[in-house]
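> Please see the structure below; I have some questions.
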2 protein chains.
Amino acid sequence: MATTTHLHLPNPIPPRLHASPPARLRASASLAHPRLLSGLRLAAARPRPRHGRRAMSVTVRSSLIDPDGGALVDLVAAPERRAALRGEAEALPRVRLAAVDVEWAHVLAEGWASPLRGFMREHEYLQSLHFNCIRLPDGAGVVNMSLPIVLAIGDREKEEIGASPDVALQGPDGAVLAILRRVEIYPHNKEERIARTWGTTAPGLPYVDEAIAQAGNWLIGGDLEVIEPIKYNDGLDHYRLSPQQLRNEFDKRGADAVFAFQLRNPVHNGHALLMNDTRRRLLEMGFKNPILLLHPLGGFTKADDVPLPVRMEQHSKVLEDGVLDPETTIVSIFPSPMHYAGPTEVQWHAKARINAGANFYIVGRDPAGMGHPTEKRDLYNPDHGKKVLSMAPGLEKLNILPFKVAAYDTVAKKMAFFDPSRSKNFLFISGTKMRAFAKSGENPPDGFMCPGGWKVLVDYYNSLQTEEAAVATIEQ
Amino acid sequence: MATTTHLHLPNPIPPRLHASPPARLRASASLAHPRLLSGLRLAAARPRPRHGRRAMSVTVRSSLIDPDGGALVDLVAAPERRAALRGEAEALPRVRLAAVDVEWAHVLAEGWASPLRGFMREHEYLQSLHFNCIRLPDGAGVVNMSLPIVLAIGDREKEEIGASPDVALQGPDGAVLAILRRVEIYPHNKEERIARTWGTTAPGLPYVDEAIAQAGNWLIGGDLEVIEPIKYNDGLDHYRLSPQQLRNEFDKRGADAVFAFQLRNPVHNGHALLMNDTRRRLLEMGFKNPILLLHPLGGFTKADDVPLPVRMEQHSKVLEDGVLDPETTIVSIFPSPMHYAGPTEVQWHAKARINAGANFYIVGRDPAGMGHPTEKRDLYNPDHGKKVLSMAPGLEKLNILPFKVAAYDTVAKKMAFFDPSRSKNFLFISGTKMRAFAKSGENPPDGFMCPGGWKVLVDYYNSLQTEEAAVATIEQ
């Protein structure tokens, strides 16, 4: 696993995505060299000083929204502590993480779930499950926390841990990744967790099948200390900017508004229209430099979603083809796994982006939704996501921007906002329809997606069919 | 249905329960005649003045906790409006209420759910379902609201209502009880409602079977105007004090602390020990006159619970036998139906008592819990109720008093707080065990329950067996 510190921006930076020089450096930001600026802001968020230089006391003003709880959590050990932590871990009881658990450790370590400092203890779990928010100390209000971020263990592990206050966490390959301190073990009532999180207990929920059904009957919470930044070595780590790195980047670009777009699908021109229109509206509202955070989800997704590497290539083409403006767009990967928990999950998607500095959040129809696993209907009312989001405790400081509906305008031959007065001119192309086009090699209508992006999808589905054919041949 | 106004206290008042003269009238309360005091306080909570007398402007100071939202809701029409409302209802589309719906209309009408002014519209329903609390206007915080208080209708009723803004609500016997105004109709996703409220969708949940399974696929919300106070004519209406009447009674008695005990079971000496001990603790804390609200739930309960009339008779004996002090105890019926929704429901039980003036709430093991309907275990973790209650948004102003565990001390031959250092001297008598004793005619250990109260239970179970025998004879 590669060792990198947070003190330099990831390198190599893909040329068209976010490497463009800051168009407008704000007066306060231009006090310092951009690289140093990154270090300064990181230091400000960490209690332990990393440098003795006087320059560290320079205050960098930022117009970005405050992270939840006031300070961004960073649970990655300082480089000089790592050897000692590895030594300490040798003597500790161990818990083996599944791939999804590692994704959550990553999420926690970088502060996406600030102010959470580790896998949830029971008092956090119960608040998350019942109230979708967690109370801050000293009457300082609540922060949103709609998904339980928990770690399950089995009876055997519980017994091995015994009364040990600390536990070492190993990755799926056995390497020690982190130490969980002052642990608390409490029952994992899966039925209740599933019912309260998804609003159903029907079989076939992808995250439940992946991460809950076979998991242990206990949950273990505690304070997490991750030994080094978590990397996946899949050629995409340079896209995985932490909330602090994103904040640095927004500051470097002099953003006075950041609008986040969460997605787990390819970007078509309807999405692009919406994002460009949002920027236009923000400019009209008086913002001088709104920056788009195009933020594909990078953790666990269900089997029939388009895989992350294909999506990243597709997004890259969308910027190359000029559909989105690289000057005002940052593409980065959100490391969270996907729950497909609709109105409950969309709050998590929004809350995490506050921690990355976004103060505007675009929400569409049926966010984080899917079909009901056993009935012929959407699992969630498609309007509930944006309604619940707009009412959610702890998200008051985030501006929610509801989607306008975009569809293919058969007269203008491009994606346009749906005009109900001439509804017969509009064609709705669902994700299923889009995949059907790509699979069959048939082209969607002109202007549905930029040609470069479309080719990425066609190539992906072709490769799938080739694979399937190969499997079928072997099976015969 | 009898017509009574809220302006006099219910009569007859059962002699031993709350008719004792106020032991200590507070200086502020003694300014007015107690009867007038009731009227005054009611008027203060209603925007529409009922009387032209100058006396109405007298401010009655009370040390009682404020109701949620600041003012107690009262949705019962003034007597002079009732004829007009009945006339208006003639022309409106109608919805027939089930017995449980009437209980909820009663709960709403008297302000137990303050600041809710009617069956929930969708924005209230969604907040209740997802957050267990509802946001007040103008950033004034949240109030707790953990159970959806909703009214279901079917396709046919929805069609009949059409675009009518107002709807008449009829009781099960066809009599018009109320008008629901500015209605909003939205989908009733039963699966999601059940999963998020109970944390399970297992078949056999009593409230689901009674009130949801057969209910319509739409919910209708709106502002409720109840034509006259809801009465049951079961000989127990005099026990059904509204929150306002309870507040008046607490003020009359000069209460400086009110501690509420929710129950749906007979009172044994362990309960009494706990309530008396709570009063002792409150006196130690410096309160001069803590009053106990012994508050049995009076709405829907499951078939094997002891029925309300039997429980009321049993409670009455407990006061007659001097186990609880009538001077410092008010026995009244809480008109809500029971959900058996554990940690979600206990919040409702506590919140409603704030509205009745209670600032201390006693919570025990597994409040509002029951066995899992299909698995051999408790449906809820028995500790979750008090934990969730202590963390619940909107209940910050309520003092939660967790139960100490009481059990039968076989040495002292009485109910006592469990002492783990001599655990073998204690006998735990569960509800099931207690019912088995009563059914078999066997006496529980001396000191478990006062003899008068025990006899009520034995007589009840005897009558059941006589009934069962009669049915068996007919079936043969």
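In the structure tokens, chains take the letters A, B, ... in the order shown, each chain's residues start at 1, and ligands count up from 1 in the order shown.
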Set the cut-off to 7 Å and count only C-alpha atoms: what are the residues of chain B that reach chain A? Output as a VMD selection string.
chain B and resid 126 130 to 132 191 to 192 195 to 196 199 to 201 388
> Hey, what does DSSP flag as strand (DSSP E or B) within range 129-204 of chain A? Can you give it to me as a compact mmCIF listing (two decimals) with N, CA, C and O atoms, in the first residue's frame?

# COMPACT_ATOMS: atom_id res chain seq x y z
N CYS A 133 -29.88 11.99 13.29
CA CYS A 133 -28.96 13.07 13.67
C CYS A 133 -28.37 12.76 15.04
O CYS A 133 -28.91 11.92 15.78
N ILE A 134 -27.27 13.40 15.33
CA ILE A 134 -26.55 13.16 16.59
C ILE A 134 -26.34 14.49 17.28
O ILE A 134 -25.94 15.48 16.66
N ARG A 135 -26.61 14.47 18.58
CA ARG A 135 -26.50 15.66 19.40
C ARG A 135 -25.03 16.01 19.66
O ARG A 135 -24.24 15.13 19.98
N VAL A 142 -27.41 19.81 16.75
CA VAL A 142 -27.24 18.45 16.22
C VAL A 142 -26.52 18.51 14.87
O VAL A 142 -26.54 19.53 14.20
N VAL A 143 -25.90 17.40 14.52
CA VAL A 143 -25.39 17.22 13.16
C VAL A 143 -26.19 16.08 12.53
O VAL A 143 -26.62 15.17 13.23
N ASN A 144 -26.36 16.15 11.24
CA ASN A 144 -27.07 15.09 10.55
C ASN A 144 -26.21 13.84 10.50
O ASN A 144 -24.99 13.91 10.32
N ALA A 152 -19.45 -4.65 12.25
CA ALA A 152 -20.02 -5.87 12.85
C ALA A 152 -18.92 -6.89 13.12
O ALA A 152 -17.97 -7.02 12.33
N ILE A 153 -19.06 -7.59 14.24
CA ILE A 153 -18.16 -8.71 14.56
C ILE A 153 -19.00 -9.89 15.03
O ILE A 153 -20.15 -9.74 15.41
N VAL A 167 -8.44 -2.54 19.79
CA VAL A 167 -8.50 -3.64 18.84
C VAL A 167 -7.79 -3.21 17.56
O VAL A 167 -7.93 -2.06 17.13
N ALA A 168 -7.03 -4.12 16.94
CA ALA A 168 -6.40 -3.83 15.65
C ALA A 168 -7.34 -4.23 14.52
O ALA A 168 -7.99 -5.29 14.61
N LEU A 169 -7.46 -3.39 13.50
CA LEU A 169 -8.31 -3.70 12.35
C LEU A 169 -7.43 -4.07 11.17
O LEU A 169 -6.54 -3.30 10.79
N GLN A 170 -7.68 -5.24 10.60
CA GLN A 170 -6.91 -5.71 9.44
C GLN A 170 -7.75 -5.57 8.19
O GLN A 170 -8.96 -5.78 8.22
N VAL A 176 -2.51 -4.81 8.80
CA VAL A 176 -3.14 -3.97 9.82
C VAL A 176 -3.32 -2.55 9.27
O VAL A 176 -2.39 -1.92 8.77
N LEU A 177 -4.56 -2.07 9.32
CA LEU A 177 -4.89 -0.76 8.77
C LEU A 177 -5.09 0.30 9.84
O LEU A 177 -4.89 1.49 9.60
N ALA A 178 -5.55 -0.13 11.02
CA ALA A 178 -5.99 0.87 11.99
C ALA A 178 -6.09 0.24 13.37
O ALA A 178 -6.06 -0.98 13.52
N ILE A 179 -6.18 1.10 14.35
CA ILE A 179 -6.49 0.66 15.72
C ILE A 179 -7.80 1.33 16.14
O ILE A 179 -8.02 2.51 15.86
N LEU A 180 -8.68 0.55 16.74
CA LEU A 180 -9.94 1.08 17.27
C LEU A 180 -9.80 1.09 18.79
O LEU A 180 -9.49 0.07 19.40
N ARG A 181 -10.00 2.26 19.37
CA ARG A 181 -9.67 2.44 20.79
C ARG A 181 -10.92 2.64 21.65
O ARG A 181 -11.92 3.16 21.19
N ARG A 182 -10.77 2.25 22.93
CA ARG A 182 -11.87 2.36 23.91
C ARG A 182 -13.15 1.79 23.30
O ARG A 182 -14.17 2.46 23.23
N VAL A 183 -13.04 0.55 22.85
CA VAL A 183 -14.14 -0.05 22.11
C VAL A 183 -15.34 -0.31 23.01
O VAL A 183 -15.21 -0.48 24.22
N GLU A 184 -16.48 -0.32 22.37
CA GLU A 184 -17.73 -0.70 23.04
C GLU A 184 -18.40 -1.72 22.12
O GLU A 184 -18.53 -1.49 20.92
N ILE A 185 -18.81 -2.84 22.68
CA ILE A 185 -19.47 -3.90 21.89
C ILE A 185 -20.92 -3.97 22.32
O ILE A 185 -21.22 -4.00 23.51
N TYR A 186 -21.81 -3.98 21.34
CA TYR A 186 -23.25 -3.99 21.66
C TYR A 186 -23.97 -4.80 20.59
O TYR A 186 -23.43 -5.05 19.50
N PRO A 187 -25.20 -5.25 20.88
CA PRO A 187 -25.88 -6.18 19.96
C PRO A 187 -26.19 -5.55 18.60
O PRO A 187 -26.51 -4.37 18.51
> As a VMD selection string, please: the residues near Met275 in chain B (cut-off 12 Å, only C-alpha atoms, same-chain neighbours under 6 positions excluded).
chain B and resid 258 to 262 267 to 269 281 to 282 290 to 294 323 to 325 328 to 329 360 to 364 401 to 404 406
> In Å, with one decimal, what is the gap from CA of Val100 in chain A to CA of Pro243 in chain A?
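Those two atoms sit 19.7 Å apart.
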> Which of these residues is nearest to Gly357 in chain B, using only C-alpha atoms: B:Asp305, B:Asp446, B:Glu468, B:Glu249?
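Looking at the shortest contact to Gly357 in chain B, the residue is B:Glu249.
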> Excluding range 155-159 of chain B and residues on its chain fewer than 3 positions from it, collect all residues at most 9 Å away from it, counting only C-alpha atoms, and give them as a compact mmCIF listing (two decimals) with N, CA, C and O atoms, in the first residue's frame.

# COMPACT_ATOMS: atom_id res chain seq x y z
N PRO B 93 -68.19 15.97 1.94
CA PRO B 93 -67.86 14.55 1.80
C PRO B 93 -67.51 13.98 3.19
O PRO B 93 -67.05 14.72 4.06
N ARG B 94 -67.74 12.67 3.35
CA ARG B 94 -67.59 12.08 4.69
C ARG B 94 -66.55 10.97 4.72
O ARG B 94 -66.42 10.22 3.76
N VAL B 95 -65.91 10.89 5.86
CA VAL B 95 -64.99 9.77 6.12
C VAL B 95 -65.45 9.13 7.41
O VAL B 95 -65.66 9.81 8.41
N GLY B 162 -62.59 14.27 -3.76
CA GLY B 162 -62.23 15.06 -4.94
C GLY B 162 -61.42 16.29 -4.54
O GLY B 162 -60.40 16.17 -3.87
N ALA B 163 -61.89 17.47 -4.95
CA ALA B 163 -61.16 18.70 -4.66
C ALA B 163 -61.74 19.45 -3.46
O ALA B 163 -61.40 20.60 -3.22
N ILE B 185 -54.20 14.93 0.75
CA ILE B 185 -54.24 13.47 0.62
C ILE B 185 -52.93 13.01 0.00
O ILE B 185 -52.48 13.59 -0.99
N GLY B 216 -56.96 2.02 4.40
CA GLY B 216 -56.83 2.43 3.01
C GLY B 216 -55.41 2.80 2.62
O GLY B 216 -54.53 2.92 3.46
N ASN B 217 -55.23 2.99 1.31
CA ASN B 217 -53.90 3.25 0.77
C ASN B 217 -53.56 4.73 0.66
O ASN B 217 -52.62 5.11 -0.02
N TRP B 218 -54.38 5.57 1.30
CA TRP B 218 -54.11 7.01 1.30
C TRP B 218 -54.18 7.52 2.72
O TRP B 218 -54.90 6.96 3.55
N ILE B 220 -54.99 11.10 4.92
CA ILE B 220 -55.58 12.43 4.76
C ILE B 220 -55.24 13.26 5.99
O ILE B 220 -55.53 12.87 7.12
> Contacts of Tyr340 in chain B at 9 Å or less, counting only C-alpha atoms, minus same-chain residues fewer than 2 places along, as JSON, numbers by chain?
{"B": [198, 205, 206, 207, 301, 302, 338, 342, 344, 345, 367, 368, 369, 370]}
> Excluding same-chain residues fewer than 6 positions from Ser242 in chain B, what lies within 8 Å of it counting only C-alpha atoms, as a list in words?
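Selected residues are Glu110, Gly111, Trp112 and Ala356 of chain B.
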